[in-house]
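Source file entry-v2.txt; content: compact mmCIF, C-alpha atoms.
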```txt
# COMPACT_ATOMS: atom_id res chain seq x y z
CA MET L 1230 38.41 133.78 45.89
CA ALA L 1231 40.27 132.78 42.80
CA GLU L 1232 38.97 130.07 40.53
CA THR L 1233 39.62 126.57 41.87
CA THR L 1234 39.87 122.99 40.69
CA GLN L 1235 38.54 120.09 42.76
CA LEU L 1236 41.37 117.88 44.03
CA GLU L 1237 40.73 114.27 44.99
CA LEU L 1238 43.48 112.07 46.32
CA VAL L 1239 42.25 108.48 46.38
CA THR L 1240 44.04 105.49 47.89
CA PRO L 1241 42.72 101.91 47.81
CA ALA L 1242 41.51 102.21 51.39
CA ASP L 1243 40.02 105.66 51.39
CA ILE L 1244 39.50 109.02 49.77
CA MET L 1245 42.32 110.85 51.49
CA VAL L 1246 41.72 114.41 50.42
CA GLN L 1247 38.81 116.10 48.74
CA LYS L 1248 39.09 119.84 48.50
CA PRO L 1249 39.26 122.75 46.09
CA ALA L 1250 42.70 124.02 45.14
CA GLU L 1251 44.00 126.90 43.06
CA MET L 1252 46.79 124.84 41.66
CA VAL L 1253 48.00 121.28 42.03
CA VAL L 1254 51.55 120.28 41.17
CA ALA L 1255 52.03 116.57 40.51
CA PRO L 1256 55.08 114.43 39.74
CA GLY L 1257 54.27 113.16 36.24
CA ALA L 1258 56.21 110.37 34.55
CA GLU L 1259 57.60 112.96 32.16
CA GLY L 1260 58.27 115.63 34.74
CA LEU L 1261 56.47 117.77 37.27
CA PHE L 1262 53.35 119.43 35.99
CA GLY L 1263 51.04 122.04 37.43
CA VAL L 1264 47.29 121.89 37.01
CA LEU L 1265 45.25 125.07 37.07
CA PRO L 1266 41.47 125.27 36.72
CA ARG L 1267 40.27 124.73 33.13
CA HIS L 1268 43.25 122.55 32.35
CA ALA L 1269 42.89 120.44 29.20
CA PRO L 1270 41.81 116.82 29.92
CA LEU L 1271 44.92 114.80 30.70
CA LEU L 1272 45.64 111.31 31.89
CA SER L 1273 49.13 110.93 33.25
CA ASP L 1274 51.23 108.29 34.90
CA LEU L 1275 52.82 109.54 38.12
CA VAL L 1276 56.09 108.65 39.77
CA ARG L 1277 56.99 108.67 43.46
CA GLY L 1278 57.15 112.26 44.60
CA ILE L 1279 55.38 115.17 46.19
CA VAL L 1280 51.97 116.53 45.24
CA GLU L 1281 51.69 120.20 46.17
CA VAL L 1282 48.36 121.87 46.74
CA HIS L 1283 48.44 125.63 46.25
CA GLU L 1284 45.97 127.95 47.90
CA ASN L 1285 46.09 131.74 48.02
CA GLY L 1286 49.33 131.70 46.09
CA LYS L 1287 51.10 129.54 48.67
CA VAL L 1288 51.70 125.83 49.14
CA ALA L 1289 48.93 124.77 51.52
CA ASN L 1290 49.49 121.00 51.68
CA ARG L 1291 52.13 118.56 50.56
CA PHE L 1292 51.51 114.87 50.01
CA MET L 1293 54.11 112.24 49.30
CA ILE L 1294 52.68 109.71 46.85
CA ASP L 1295 54.07 106.40 45.71
CA GLY L 1296 53.41 106.73 42.00
CA GLY L 1297 49.94 106.41 40.56
CA LEU L 1298 47.69 108.04 38.03
CA ALA L 1299 46.32 111.53 37.58
CA ASP L 1300 43.05 112.09 35.80
CA VAL L 1301 42.75 115.79 35.03
CA SER L 1302 39.71 117.50 33.63
CA GLY L 1303 38.70 121.15 33.41
CA GLU L 1304 37.24 121.23 36.87
CA SER L 1305 38.88 118.38 38.77
CA VAL L 1306 42.11 116.53 39.42
CA THR L 1307 41.81 112.92 40.59
CA ILE L 1308 44.98 111.29 41.80
CA LEU L 1309 44.92 107.53 42.28
CA THR L 1310 47.81 106.23 44.31
CA GLU L 1311 48.56 103.08 46.28
CA ARG L 1312 50.19 104.91 49.17
CA ALA L 1313 50.13 108.50 50.27
CA GLU L 1314 51.19 110.45 53.35
CA ASP L 1315 50.25 113.98 54.32
CA LEU L 1316 53.64 115.54 54.99
CA ASP L 1317 52.16 118.17 57.31
CA LYS L 1318 50.31 115.74 59.49
CA VAL L 1319 52.63 112.80 60.01
CA SER L 1320 55.37 112.82 62.60
CA ARG L 1321 58.91 111.55 62.10
CA ASP L 1322 58.63 109.05 64.95
CA ASP L 1323 55.40 107.62 63.64
CA ILE L 1324 56.77 107.12 60.13
CA LYS L 1325 59.99 105.72 61.50
CA SER L 1326 58.26 103.08 63.59
CA ARG L 1327 56.00 102.14 60.69
CA ALA L 1328 58.97 101.94 58.33
CA ASP L 1329 60.70 99.57 60.74
CA ALA L 1330 57.63 97.37 60.94
CA ALA L 1331 56.92 97.38 57.19
CA SER L 1332 58.76 95.52 54.49
CA GLY L 1333 59.34 95.69 50.75
CA ALA L 1334 57.86 98.53 48.73
CA GLU L 1335 56.05 99.99 51.71
CA ALA L 1336 59.19 100.31 53.85
CA GLU L 1337 61.01 101.84 50.90
CA PHE L 1338 58.25 104.40 50.44
CA LEU L 1339 58.14 105.27 54.14
CA ASN L 1340 61.89 105.84 54.11
CA VAL L 1341 61.44 108.29 51.26
CA VAL L 1342 58.75 110.02 53.28
CA LEU L 1343 61.11 110.16 56.23
CA ALA L 1344 63.80 111.74 54.09
CA ALA L 1345 61.36 114.40 52.89
CA LEU L 1346 60.23 115.43 56.37
CA MET R 689 12.35 58.89 80.03
CA PRO R 690 15.13 61.23 81.09
CA SER R 691 15.25 62.10 84.75
CA LEU R 692 14.63 65.60 86.02
CA LYS R 693 18.31 66.04 86.75
CA ASP R 694 19.31 65.06 83.21
CA LEU R 695 16.85 67.54 81.77
CA LYS R 696 18.12 70.32 84.01
CA THR R 697 21.72 69.67 82.88
CA ARG R 698 20.64 69.60 79.27
CA ILE R 699 18.79 72.92 79.59
CA ASN R 700 21.79 74.55 81.25
CA SER R 701 24.16 73.38 78.55
CA VAL R 702 21.90 74.70 75.80
CA LYS R 703 21.66 77.97 77.68
CA SER R 704 25.42 78.41 77.76
CA THR R 705 25.66 77.58 74.06
CA GLN R 706 23.07 80.25 73.45
CA LYS R 707 25.16 82.75 75.38
CA ILE R 708 28.18 81.99 73.22
CA THR R 709 26.31 82.24 69.92
CA SER R 710 24.63 85.47 70.90
CA ALA R 711 27.99 86.97 71.93
CA MET R 712 29.50 85.89 68.61
CA LYS R 713 26.60 87.47 66.81
CA MET R 714 27.16 90.75 68.61
CA VAL R 715 30.90 90.70 67.88
CA ALA R 716 30.27 89.96 64.21
CA ALA R 717 27.72 92.76 64.00
CA ALA R 718 30.14 95.29 65.46
CA LYS R 719 32.96 94.20 63.18
CA LEU R 720 30.65 94.08 60.19
CA ARG R 721 29.95 97.76 60.48
CA ARG R 722 33.66 98.52 60.21
CA ALA R 723 34.28 96.03 57.42
CA GLN R 724 31.32 97.29 55.44
CA ASP R 725 32.56 100.81 55.90
CA SER R 726 36.01 99.99 54.58
CA ALA R 727 34.56 98.00 51.68
CA GLU R 728 32.55 101.05 50.74
CA ARG R 729 35.48 103.41 51.12
CA GLY R 730 37.56 101.13 48.93
CA ARG R 731 35.12 101.36 46.06
CA PRO R 732 35.99 104.79 44.62
CA TYR R 733 39.57 103.71 43.88
CA ALA R 734 38.53 100.51 42.13
CA ASP R 735 35.77 102.29 40.23
CA ARG R 736 38.02 105.07 38.94
CA MET R 737 40.64 102.54 37.96
CA GLN R 738 38.05 100.57 35.99
CA GLN R 739 36.82 103.74 34.27
CA ILE R 740 40.33 104.66 33.21
CA ILE R 741 40.97 101.16 31.91
CA ASN R 742 37.69 101.16 30.00
CA SER R 743 38.54 104.38 28.26
CA LEU R 744 42.13 103.35 27.57
CA ALA R 745 41.15 99.91 26.32
CA ALA R 746 38.68 101.40 23.89
CA LYS R 747 41.53 103.27 22.25
CA ALA R 748 44.19 100.59 22.39
CA ASP R 749 45.07 98.64 19.28
CA PRO R 750 44.23 94.97 20.01
CA SER R 751 47.23 93.65 18.10
CA SER R 752 49.80 95.49 20.15
CA ALA R 753 47.92 95.88 23.44
CA PRO R 754 49.54 94.51 26.59
CA GLN R 755 48.96 90.82 27.28
CA LEU R 756 47.42 91.61 30.64
CA LEU R 757 44.53 93.18 28.73
CA VAL R 758 44.04 90.84 25.81
CA GLY R 759 45.58 87.67 27.20
CA ASN R 760 48.50 85.78 25.73
CA GLY R 761 46.42 84.13 23.04
CA ARG R 762 46.30 80.77 24.80
CA ASP R 763 43.61 79.30 26.98
CA LYS R 764 45.25 76.18 28.33
CA THR R 765 46.10 76.73 31.97
CA HIS R 766 43.74 78.48 34.35
CA LEU R 767 44.63 79.95 37.70
CA LEU R 768 41.81 80.29 40.19
CA VAL R 769 42.34 82.58 43.15
CA VAL R 770 39.91 81.28 45.77
CA VAL R 771 39.03 83.64 48.60
CA SER R 772 37.42 82.02 51.63
CA ALA R 773 37.54 82.71 55.36
CA ASP R 774 40.13 81.63 57.90
CA ARG R 775 37.48 80.82 60.44
CA GLY R 776 34.29 78.80 60.39
CA LEU R 777 30.92 79.24 62.10
CA CYS R 778 29.68 81.49 59.37
CA GLY R 779 26.90 79.44 57.82
CA GLY R 780 27.18 78.60 54.16
CA PHE R 781 29.92 81.13 53.50
CA ASN R 782 32.86 78.77 53.04
CA GLY R 783 30.69 75.97 51.73
CA ALA R 784 29.45 78.13 48.87
CA ILE R 785 32.98 79.05 47.84
CA THR R 786 34.18 75.46 48.10
CA ARG R 787 31.26 74.17 46.06
CA GLN R 788 31.71 76.80 43.36
CA THR R 789 35.42 76.06 43.14
CA ARG R 790 34.76 72.35 42.79
CA THR R 791 32.25 72.91 39.95
CA GLU R 792 34.55 75.37 38.21
CA VAL R 793 37.53 73.04 38.41
CA ALA R 794 35.44 70.15 37.10
CA ARG R 795 34.13 72.27 34.24
CA LEU R 796 37.61 73.44 33.22
CA ARG R 797 39.03 69.93 33.45
CA ASP R 798 36.21 68.59 31.28
CA GLU R 799 37.24 71.11 28.67
CA GLY R 800 40.71 69.63 28.82
CA LYS R 801 42.35 72.52 30.63
CA THR R 802 44.88 72.50 33.40
CA VAL R 803 43.82 74.16 36.63
CA LYS R 804 46.02 75.73 39.26
CA LEU R 805 44.73 77.08 42.52
CA LEU R 806 45.87 79.86 44.78
CA MET R 807 43.97 79.57 48.03
CA VAL R 808 43.42 82.59 50.24
CA GLY R 809 41.85 81.69 53.58
CA ARG R 810 42.18 78.46 55.52
CA LYS R 811 38.70 76.98 55.31
CA SER R 812 38.30 76.22 51.62
CA ALA R 813 41.96 75.29 51.38
CA ASP R 814 41.42 72.63 54.06
CA ALA R 815 38.17 71.45 52.55
CA LEU R 816 39.64 70.91 49.08
CA ARG R 817 43.13 69.80 50.03
CA ARG R 818 42.40 66.09 49.71
CA GLU R 819 40.88 66.19 46.25
CA LEU R 820 42.64 69.17 44.68
CA GLY R 821 45.73 69.62 46.86
CA ASP R 822 48.02 68.73 43.95
CA SER R 823 46.87 71.79 42.05
CA TYR R 824 47.61 74.24 44.85
CA ILE R 825 50.40 76.61 43.98
CA GLN R 826 50.07 78.29 47.32
CA SER R 827 47.74 78.51 50.25
CA LEU R 828 47.68 81.71 52.26
CA GLU R 829 46.05 82.44 55.57
CA GLY R 830 45.92 85.18 58.15
CA ILE R 831 45.29 87.91 55.59
CA GLN R 832 41.71 88.64 56.48
CA GLY R 833 41.34 89.99 59.95
CA THR R 834 39.36 92.96 61.08
CA SER R 835 41.07 95.02 58.42
CA VAL R 836 42.65 94.02 55.15
CA ALA R 837 45.99 95.62 54.30
CA PHE R 838 46.54 96.75 50.75
CA SER R 839 50.11 95.48 50.92
CA ASP R 840 48.80 91.91 51.34
CA ALA R 841 46.63 92.30 48.26
CA ALA R 842 49.59 93.82 46.42
CA SER R 843 51.81 90.87 47.24
CA ILE R 844 49.18 88.43 45.93
CA GLY R 845 48.87 90.67 42.88
CA ASP R 846 52.63 90.56 42.32
CA LYS R 847 52.59 86.79 42.57
CA VAL R 848 49.80 86.52 40.02
CA ARG R 849 51.54 88.88 37.64
CA ASP R 850 54.92 87.18 37.96
CA GLY R 851 53.29 83.82 37.34
CA PHE R 852 51.55 85.13 34.26
CA GLU R 853 54.70 86.67 32.89
CA ALA R 854 56.59 83.44 33.53
CA GLY R 855 53.91 81.66 31.48
CA GLU R 856 52.69 79.51 34.38
CA PHE R 857 49.09 80.13 33.41
CA ASP R 858 47.09 81.87 30.69
CA VAL R 859 43.87 82.95 32.37
CA CYS R 860 43.30 84.09 35.93
CA THR R 861 39.97 84.26 37.76
CA VAL R 862 39.13 85.21 41.33
CA ILE R 863 36.33 83.44 43.18
CA PHE R 864 35.00 85.30 46.18
CA ASN R 865 31.86 86.13 48.13
CA LYS R 866 30.54 89.52 47.22
CA PHE R 867 28.85 91.45 49.98
CA LYS R 868 25.33 92.26 48.82
CA SER R 869 23.63 93.07 52.07
CA ALA R 870 23.85 92.05 55.70
CA ILE R 871 21.75 88.97 54.92
CA SER R 872 22.98 87.91 51.53
CA GLN R 873 26.26 87.18 49.82
CA GLU R 874 26.83 86.20 46.24
CA VAL R 875 29.59 83.96 44.98
CA THR R 876 31.26 85.95 42.25
CA LEU R 877 33.77 85.00 39.59
CA LYS R 878 35.87 87.83 38.27
CA LYS R 879 38.39 87.58 35.49
CA LEU R 880 41.70 89.26 36.25
CA ILE R 881 43.68 88.23 33.21
CA PRO R 882 42.71 89.07 30.53
CA ALA R 883 41.29 92.17 32.20
CA GLU R 884 37.55 92.56 32.21
CA VAL R 885 36.56 95.58 30.17
CA ASP R 886 33.03 96.80 30.19
CA GLU R 887 32.68 98.12 26.69
CA SER R 888 29.03 98.95 27.03
CA ALA R 889 29.69 101.32 29.94
CA PRO R 890 29.43 104.90 28.81
CA SER R 891 32.83 106.43 29.31
CA ASP R 892 32.67 109.85 30.85
CA ASP R 893 35.15 111.36 28.44
CA GLN R 894 32.95 111.07 25.38
CA GLY R 895 33.60 113.88 23.01
CA VAL R 896 36.57 115.06 25.05
CA SER R 897 39.98 114.42 23.63
CA TYR R 898 42.31 113.39 26.39
CA GLU R 899 45.99 114.05 26.34
CA TYR R 900 48.05 111.10 27.45
CA GLU R 901 51.32 111.30 29.19
CA PRO R 902 53.17 109.07 28.25
CA ASP R 903 51.14 107.64 25.34
CA GLU R 904 48.09 105.38 25.65
CA GLU R 905 49.91 102.10 25.45
CA GLU R 906 52.59 102.89 27.99
CA LEU R 907 49.92 104.20 30.27
CA LEU R 908 47.87 101.06 29.81
CA ALA R 909 50.94 98.97 30.55
CA ALA R 910 51.42 100.94 33.77
CA VAL R 911 47.80 100.75 34.89
CA LEU R 912 47.04 97.08 34.25
CA PRO R 913 49.47 95.60 36.80
CA ARG R 914 48.12 97.98 39.43
CA ASN R 915 44.61 97.01 38.48
CA ILE R 916 45.29 93.38 39.39
CA SER R 917 46.25 94.30 42.94
CA THR R 918 43.30 96.65 43.16
CA GLN R 919 40.84 93.98 42.04
CA ILE R 920 42.28 91.49 44.52
CA TYR R 921 42.10 94.09 47.26
CA SER R 922 38.48 94.84 46.57
CA ALA R 923 37.70 91.10 46.45
CA LEU R 924 39.33 90.71 49.88
CA LEU R 925 37.39 93.64 51.28
CA GLU R 926 34.10 92.35 49.92
CA SER R 927 34.84 88.88 51.17
CA SER R 928 35.66 89.95 54.70
CA ALA R 929 32.51 92.07 54.94
CA ALA R 930 30.51 89.15 53.55
CA GLU R 931 32.12 86.74 56.01
CA LEU R 932 31.11 88.85 58.99
CA ALA R 933 27.61 89.30 57.62
CA ALA R 934 27.30 85.54 57.12
CA ARG R 935 28.56 84.89 60.63
CA MET R 936 26.13 87.38 62.06
CA THR R 937 23.17 85.73 60.34
CA ALA R 938 24.34 82.22 61.20
CA MET R 939 24.83 83.11 64.85
CA ASP R 940 21.47 84.85 64.96
CA ASN R 941 19.83 81.66 63.71
CA ALA R 942 21.78 79.56 66.16
CA THR R 943 20.69 81.78 69.03
CA ARG R 944 17.08 81.50 67.97
CA ASN R 945 17.29 77.72 67.59
CA ALA R 946 18.84 77.45 71.04
CA GLY R 947 15.92 79.49 72.38
CA ASP R 948 13.40 77.12 70.76
CA LEU R 949 15.22 74.11 72.15
CA ILE R 950 15.24 75.61 75.64
CA ASP R 951 11.49 76.21 75.42
CA ARG R 952 10.88 72.63 74.35
CA LEU R 953 13.11 71.17 77.01
CA THR R 954 11.55 73.34 79.70
CA LEU R 955 8.12 72.04 78.68
CA VAL R 956 9.28 68.43 78.97
CA TYR R 957 10.94 69.25 82.28
CA ASN R 958 7.74 70.73 83.70
CA ARG R 959 5.62 67.83 82.47
CA THR R 960 8.00 65.33 84.00
CA ARG R 961 7.99 67.23 87.28
CA GLN R 962 4.18 67.29 87.27
CA ALA R 963 4.03 63.57 86.51
CA THR R 964 6.34 62.82 89.41
CA ILE R 965 4.20 64.86 91.79
CA THR R 966 1.00 63.17 90.59
CA LYS R 967 2.59 59.75 90.98
CA GLU R 968 3.67 60.52 94.53
CA LEU R 969 0.18 61.76 95.41
CA ILE R 970 -1.41 58.56 94.05
CA GLU R 971 1.00 56.51 96.13
CA ILE R 972 0.13 58.44 99.29
CA ILE R 973 -3.62 58.27 98.68
CA SER R 974 -3.70 54.57 97.83
CA GLY R 975 -1.49 53.94 100.86
CA ALA R 976 -4.03 55.79 103.07
CA GLU R 977 -6.99 53.90 101.56
CA ALA R 978 -5.38 50.57 102.22
CA VAL R 979 -5.16 51.26 105.95
```

Render the structure in this file as C-alpha cells.
Amino acid sequence: MAETTQLELVTPADIMVQKPAEMVVAPGAEGLFGVLPRHAPLLSDLVRGIVEVHENGKVANRFMIDGGLADVSGESVTILTERAEDLDKVSRDDIKSRADAASGAEAEFLNVVLAAL
Amino acid sequence: MPSLKDLKTRINSVKSTQKITSAMKMVAAAKLRRAQDSAERGRPYADRMQQIINSLAAKADPSSAPQLLVGNGRDKTHLLVVVSADRGLCGGFNGAITRQTRTEVARLRDEGKTVKLLMVGRKSADALRRELGDSYIQSLEGIQGTSVAFSDAASIGDKVRDGFEAGEFDVCTVIFNKFKSAISQEVTLKKLIPAEVDESAPSDDQGVSYEYEPDEEELLAAVLPRNISTQIYSALLESSAAELAARMTAMDNATRNAGDLIDRLTLVYNRTRQATITKELIEIISGAEAV
C-alpha cells in the first residue's frame, strides 16, 4: 500500500467523507492542484468543481463541491464546503427532482452536478 | 362541596390532559435525539472554520483587514438576530430569549445606540411585537422544523451581510439558546460582526509556515462571509435541539403534575363517597330507631 493522506470532506450538516487517499485533486481558486502525502501546509480557497480522490493510481471517487476551503497538511486534507455531492452515488433523477424543488444558489449548483453526471 | 359527578368529570379531564402531555414528551424525546445528533454533526464544520479564521486573523494587518473582521469603526447601530421557537409549550425556552432580548435592547438604548431586530421564530417575535415591533427589520418563521436546512441559514447570512455592506448597522449579535444538556439550555449572545476571534486559543499551525492561495487577505475576505452563515446555522441547530430538550422537560413536569393532581382528586372523591355512604347509613339507622 502506497503512502496515503487522510481526506476529510466536511459540509455544515455532516462529515461526508473520511478516508485515506493516495492523491486528492482539488479545484483551487488559482487552478486545479493535486495533494500527495507530505504536501507542504497550504490553505486554499476553492471554486465550484470536482474533487478527485485517487487510489491505486486510479480515480476512486469524484465529488462535486460548491466552492469552499482546503486545509492541507503533511498528513491530511480537510475540505470545507457548503454543498457537496458524490458523483458516483447520486442518480440523475434524484438530482433533477431536487434541482427543480430548490432555488437560488442550491438549484444552480445542482444543475452543475447534473451537467457533470 | 363538589358532587361526586363533578369530581369524576374533573379527574377524567385531568387524565386526558396527562395523556396529551406524556405523548408530547415522547415525541419531543424522539425528535431530540435526531436534533442533538445533527447539532453534533454540524460542529466539525463550524470548529474548523473558526480555527482557520483564528489563524488567518492572527496574521492579518488590522488596518487593512476586511470590515467583517474588524468592524467598520462605528458602533452606532446594532442588529440583534433573535432565535426563538415557532411553537410554545416548551417551558422557559422562549421566555428566556424574550427576556434577554428585552434587557439587551434596553442596555443598548441606554448607551444611546439604535437597535434593529431580525426575529427568527414566531414566539419571541409575537411576544415583543407590541413594544419593539418598530425595530423589526424582518420576522421569519417556519425555519426550524425537525431539521434545519443550511440554505435557510445561508439566506439569513446573506441578508445580514448585505445589510452590513449597505451600512444599515455596524454590529451584529445573535441571541439563541445553546443546547447544554437534555435538561439545561443557556441563553447565549454571539457576535457575528465584527467576527469573534479567540486569540488565546492555541492555533494548531504553530511553527508551521502555511502557504496561502490566494494570499491571506483575499482568503480572509472569502472565508468571513461564509463564516456568518455557518455561525447562524450552528445557532439554529443548537436552538432547535435546545427547544426540543426544553419541551421534553416541560412536558415531563406537566405529566408529573397531572399525576399528582389526579391522586389528590381521587382522594377527595373517595372521601366524599365515604361521607355519602356514612350519611345514608345514619339516616337509615335513625329512621329505624324512631319506629

Cut-off 9 Å: closest chain R/chain L atom pairs per residue, using all atoms listed in the file, as a tab-separated table:
```
residue	atom	partner	partner_atom	distance
R:Ser726	CA	L:Ala1242	CA	6.7
R:Ala727	CA	L:Ala1242	CA	8.1
R:Glu728	CA	L:Asp1243	CA	8.8
R:Arg729	CA	L:Asp1243	CA	5.1
R:Gly730	CA	L:Ala1242	CA	4.8
R:Arg731	CA	L:Pro1241	CA	7.8
R:Pro732	CA	L:Val1239	CA	7.5
R:Tyr733	CA	L:Pro1241	CA	5.3
R:Ala734	CA	L:Pro1241	CA	7.2
R:Arg736	CA	L:Leu1309	CA	8.1
R:Met737	CA	L:Leu1309	CA	7.9
R:Ile740	CA	L:Asp1300	CA	8.3
R:Ala837	CA	L:Ala1242	CA	8.5
R:Phe838	CA	L:Pro1241	CA	7.1
R:Ser839	CA	L:Glu1335	CA	7.5
R:Asp893	CA	L:Pro1270	CA	8.7
R:Val896	CA	L:Pro1270	CA	7.4
R:Ser897	CA	L:Pro1270	CA	7.0
R:Tyr898	CA	L:Pro1270	CA	4.9
R:Glu899	CA	L:Leu1271	CA	4.6
R:Tyr900	CA	L:Leu1272	CA	5.1
R:Glu901	CA	L:Ser1273	CA	4.6
R:Pro902	CA	L:Ser1273	CA	6.7
R:Asp903	CA	L:Ser1273	CA	8.8
R:Glu904	CA	L:Leu1272	CA	9.0
R:Glu906	CA	L:Asp1274	CA	8.9
R:Leu907	CA	L:Asp1274	CA	6.3
R:Ala910	CA	L:Asp1274	CA	7.4
R:Val911	CA	L:Leu1298	CA	7.9
R:Arg914	CA	L:Glu1311	CA	8.6
R:Thr918	CA	L:Pro1241	CA	7.0
R:Tyr921	CA	L:Pro1241	CA	7.9
R:Ser922	CA	L:Pro1241	CA	8.3
```

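If you look at atom CA of R:Ala711 and atom CA of R:Gly779, they are 16.0 Å away from each other.
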
Mind checking which residues fall within 7 Å of L:Glu1281, counting all atoms listed in the file, ignoring those fewer than 5 positions away in the same chain, and posting them as a list in words? Val1253, Val1254, Ala1255, Val1288, Asn1290, Arg1291 and Phe1292 of chain L

Can I get the selected residues back with C-alpha atoms, as a PDB file, keeping the file's coordinate frame?
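Writing the result to selection-v2.pdb gives the following:
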```
ATOM      1  CA  VAL L1253      48.000 121.280  42.030  1.00  0.00           C
ATOM      2  CA  VAL L1254      51.550 120.280  41.170  1.00  0.00           C
ATOM      3  CA  ALA L1255      52.030 116.570  40.510  1.00  0.00           C
ATOM      4  CA  VAL L1288      51.700 125.830  49.140  1.00  0.00           C
ATOM      5  CA  ASN L1290      49.490 121.000  51.680  1.00  0.00           C
ATOM      6  CA  ARG L1291      52.130 118.560  50.560  1.00  0.00           C
ATOM      7  CA  PHE L1292      51.510 114.870  50.010  1.00  0.00           C
TER       8      PHE L1292
END
```

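Here the question is which of R:Leu820, R:Ala854, R:Val769, R:Val979 gets nearest to R:Gln919 using all atoms listed in the file, and that residue is R:Val769.
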
Quick one: residues within 6 Å of L:Met1252, only C-alpha atoms counted, chain neighbours fewer than 2 positions away excluded, as a compact mmCIF listing (two decimals) with C-alpha atoms, keeping the file's coordinate frame?
```
# COMPACT_ATOMS: atom_id res chain seq x y z
CA ALA L 1250 42.70 124.02 45.14
CA VAL L 1264 47.29 121.89 37.01
CA LEU L 1265 45.25 125.07 37.07
CA HIS L 1283 48.44 125.63 46.25
```

For stretch 765-783 of chain R, I'd like the enclosing box, axis-aligned and padded by 5 Å on every side, reported as AutoDock Vina command-line options with centre and edge lengths in Å to one decimal.
```
--center_x 36.5 --center_y 79.8 --center_z 47.0 --size_x 29.2 --size_y 17.7 --size_z 40.1
```

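Nearest to R:Arg787 of all the residues R:Gln755, R:Gly761, R:Asn742, R:Ile863 is R:Ile863, based on all atoms listed in the file.
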
- Give me the residues within 12 Å of R:Gly851 as a ChimeraX atom specification, counting all atoms listed in the file and dropping any in the same chain fewer than 3 places off. /R:756,765-767,804,806,825-826,844-848,854-860,881

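Take the candidates L:Ala1336, L:Leu1346, L:Val1319, L:Val1282 and check each one against L:Thr1234 using only C-alpha atoms; the shortest distance goes to L:Val1282.
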
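Distance annotation: of R:Val702, R:Leu816, R:Met939, R:Leu828, the residue with the minimal separation from R:Gly780 is R:Met939; atom set is all atoms listed in the file.
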
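Computed from the coordinates, the atom CA of R:Asp774 to atom CA of R:Val793 distance equals 21.5 Å.
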
One residue among R:Glu905, R:Asn782, R:Ala813, R:Ser927 is nearest to R:Pro750 when using only C-alpha atoms, and that residue is R:Glu905

L:Gly1278 surroundings by all atoms listed in the file, 7 Å radius, close-in-sequence under 5 positions cut, as a PyMOL selection string:
chain L and resi 1256+1293-1295

Print the selection's residues with C-alpha atoms to a file, as a short mmCIF file (atom, residue, chain, number, x, y, z; two decimals), keeping the file's coordinate frame.
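Final output, selection.cif:
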```
data_model
loop_
_atom_site.label_atom_id
_atom_site.label_comp_id
_atom_site.auth_asym_id
_atom_site.auth_seq_id
_atom_site.Cartn_x
_atom_site.Cartn_y
_atom_site.Cartn_z
CA PRO L 1256 55.08 114.43 39.74
CA MET L 1293 54.11 112.24 49.30
CA ILE L 1294 52.68 109.71 46.85
CA ASP L 1295 54.07 106.40 45.71
#
```

Expressed in Å, the length from atom CA of R:Gly759 to atom CA of R:Leu805 is 18.6 Å

Restore N, CA and C atoms in stretch 941-953 of chain R and list the result as a PDB file, in the frame of the given file.
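Written out: out_31.pdb:
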```
ATOM      1  N   ASN R 941      20.641  82.865  63.822  1.00  0.00           N
ATOM      2  CA  ASN R 941      19.830  81.660  63.710  1.00  0.00           C
ATOM      3  C   ASN R 941      20.119  80.684  64.831  1.00  0.00           C
ATOM      4  N   ALA R 942      21.403  80.512  65.124  1.00  0.00           N
ATOM      5  CA  ALA R 942      21.780  79.560  66.160  1.00  0.00           C
ATOM      6  C   ALA R 942      21.198  79.978  67.503  1.00  0.00           C
ATOM      7  N   THR R 943      21.240  81.283  67.768  1.00  0.00           N
ATOM      8  CA  THR R 943      20.690  81.780  69.030  1.00  0.00           C
ATOM      9  C   THR R 943      19.200  81.506  69.108  1.00  0.00           C
ATOM     10  N   ARG R 944      18.518  81.731  67.981  1.00  0.00           N
ATOM     11  CA  ARG R 944      17.080  81.500  67.970  1.00  0.00           C
ATOM     12  C   ARG R 944      16.761  80.016  68.138  1.00  0.00           C
ATOM     13  N   ASN R 945      17.523  79.158  67.447  1.00  0.00           N
ATOM     14  CA  ASN R 945      17.290  77.720  67.590  1.00  0.00           C
ATOM     15  C   ASN R 945      17.522  77.267  69.013  1.00  0.00           C
ATOM     16  N   ALA R 946      18.559  77.813  69.645  1.00  0.00           N
ATOM     17  CA  ALA R 946      18.840  77.450  71.040  1.00  0.00           C
ATOM     18  C   ALA R 946      17.663  77.863  71.906  1.00  0.00           C
ATOM     19  N   GLY R 947      17.087  79.016  71.625  1.00  0.00           N
ATOM     20  CA  GLY R 947      15.920  79.490  72.380  1.00  0.00           C
ATOM     21  C   GLY R 947      14.750  78.521  72.260  1.00  0.00           C
ATOM     22  N   ASP R 948      14.494  78.076  70.997  1.00  0.00           N
ATOM     23  CA  ASP R 948      13.400  77.120  70.760  1.00  0.00           C
ATOM     24  C   ASP R 948      13.634  75.832  71.540  1.00  0.00           C
ATOM     25  N   LEU R 949      14.879  75.369  71.482  1.00  0.00           N
ATOM     26  CA  LEU R 949      15.220  74.110  72.150  1.00  0.00           C
ATOM     27  C   LEU R 949      15.016  74.242  73.658  1.00  0.00           C
ATOM     28  N   ILE R 950      15.419  75.384  74.202  1.00  0.00           N
ATOM     29  CA  ILE R 950      15.240  75.610  75.640  1.00  0.00           C
ATOM     30  C   ILE R 950      13.760  75.573  75.992  1.00  0.00           C
ATOM     31  N   ASP R 951      12.940  76.216  75.160  1.00  0.00           N
ATOM     32  CA  ASP R 951      11.490  76.210  75.420  1.00  0.00           C
ATOM     33  C   ASP R 951      10.950  74.781  75.440  1.00  0.00           C
ATOM     34  N   ARG R 952      11.382  74.005  74.430  1.00  0.00           N
ATOM     35  CA  ARG R 952      10.880  72.630  74.350  1.00  0.00           C
ATOM     36  C   ARG R 952      11.320  71.804  75.548  1.00  0.00           C
ATOM     37  N   LEU R 953      12.586  71.946  75.894  1.00  0.00           N
ATOM     38  CA  LEU R 953      13.110  71.170  77.010  1.00  0.00           C
ATOM     39  C   LEU R 953      12.439  71.576  78.327  1.00  0.00           C
TER      40      LEU R 953
END
```
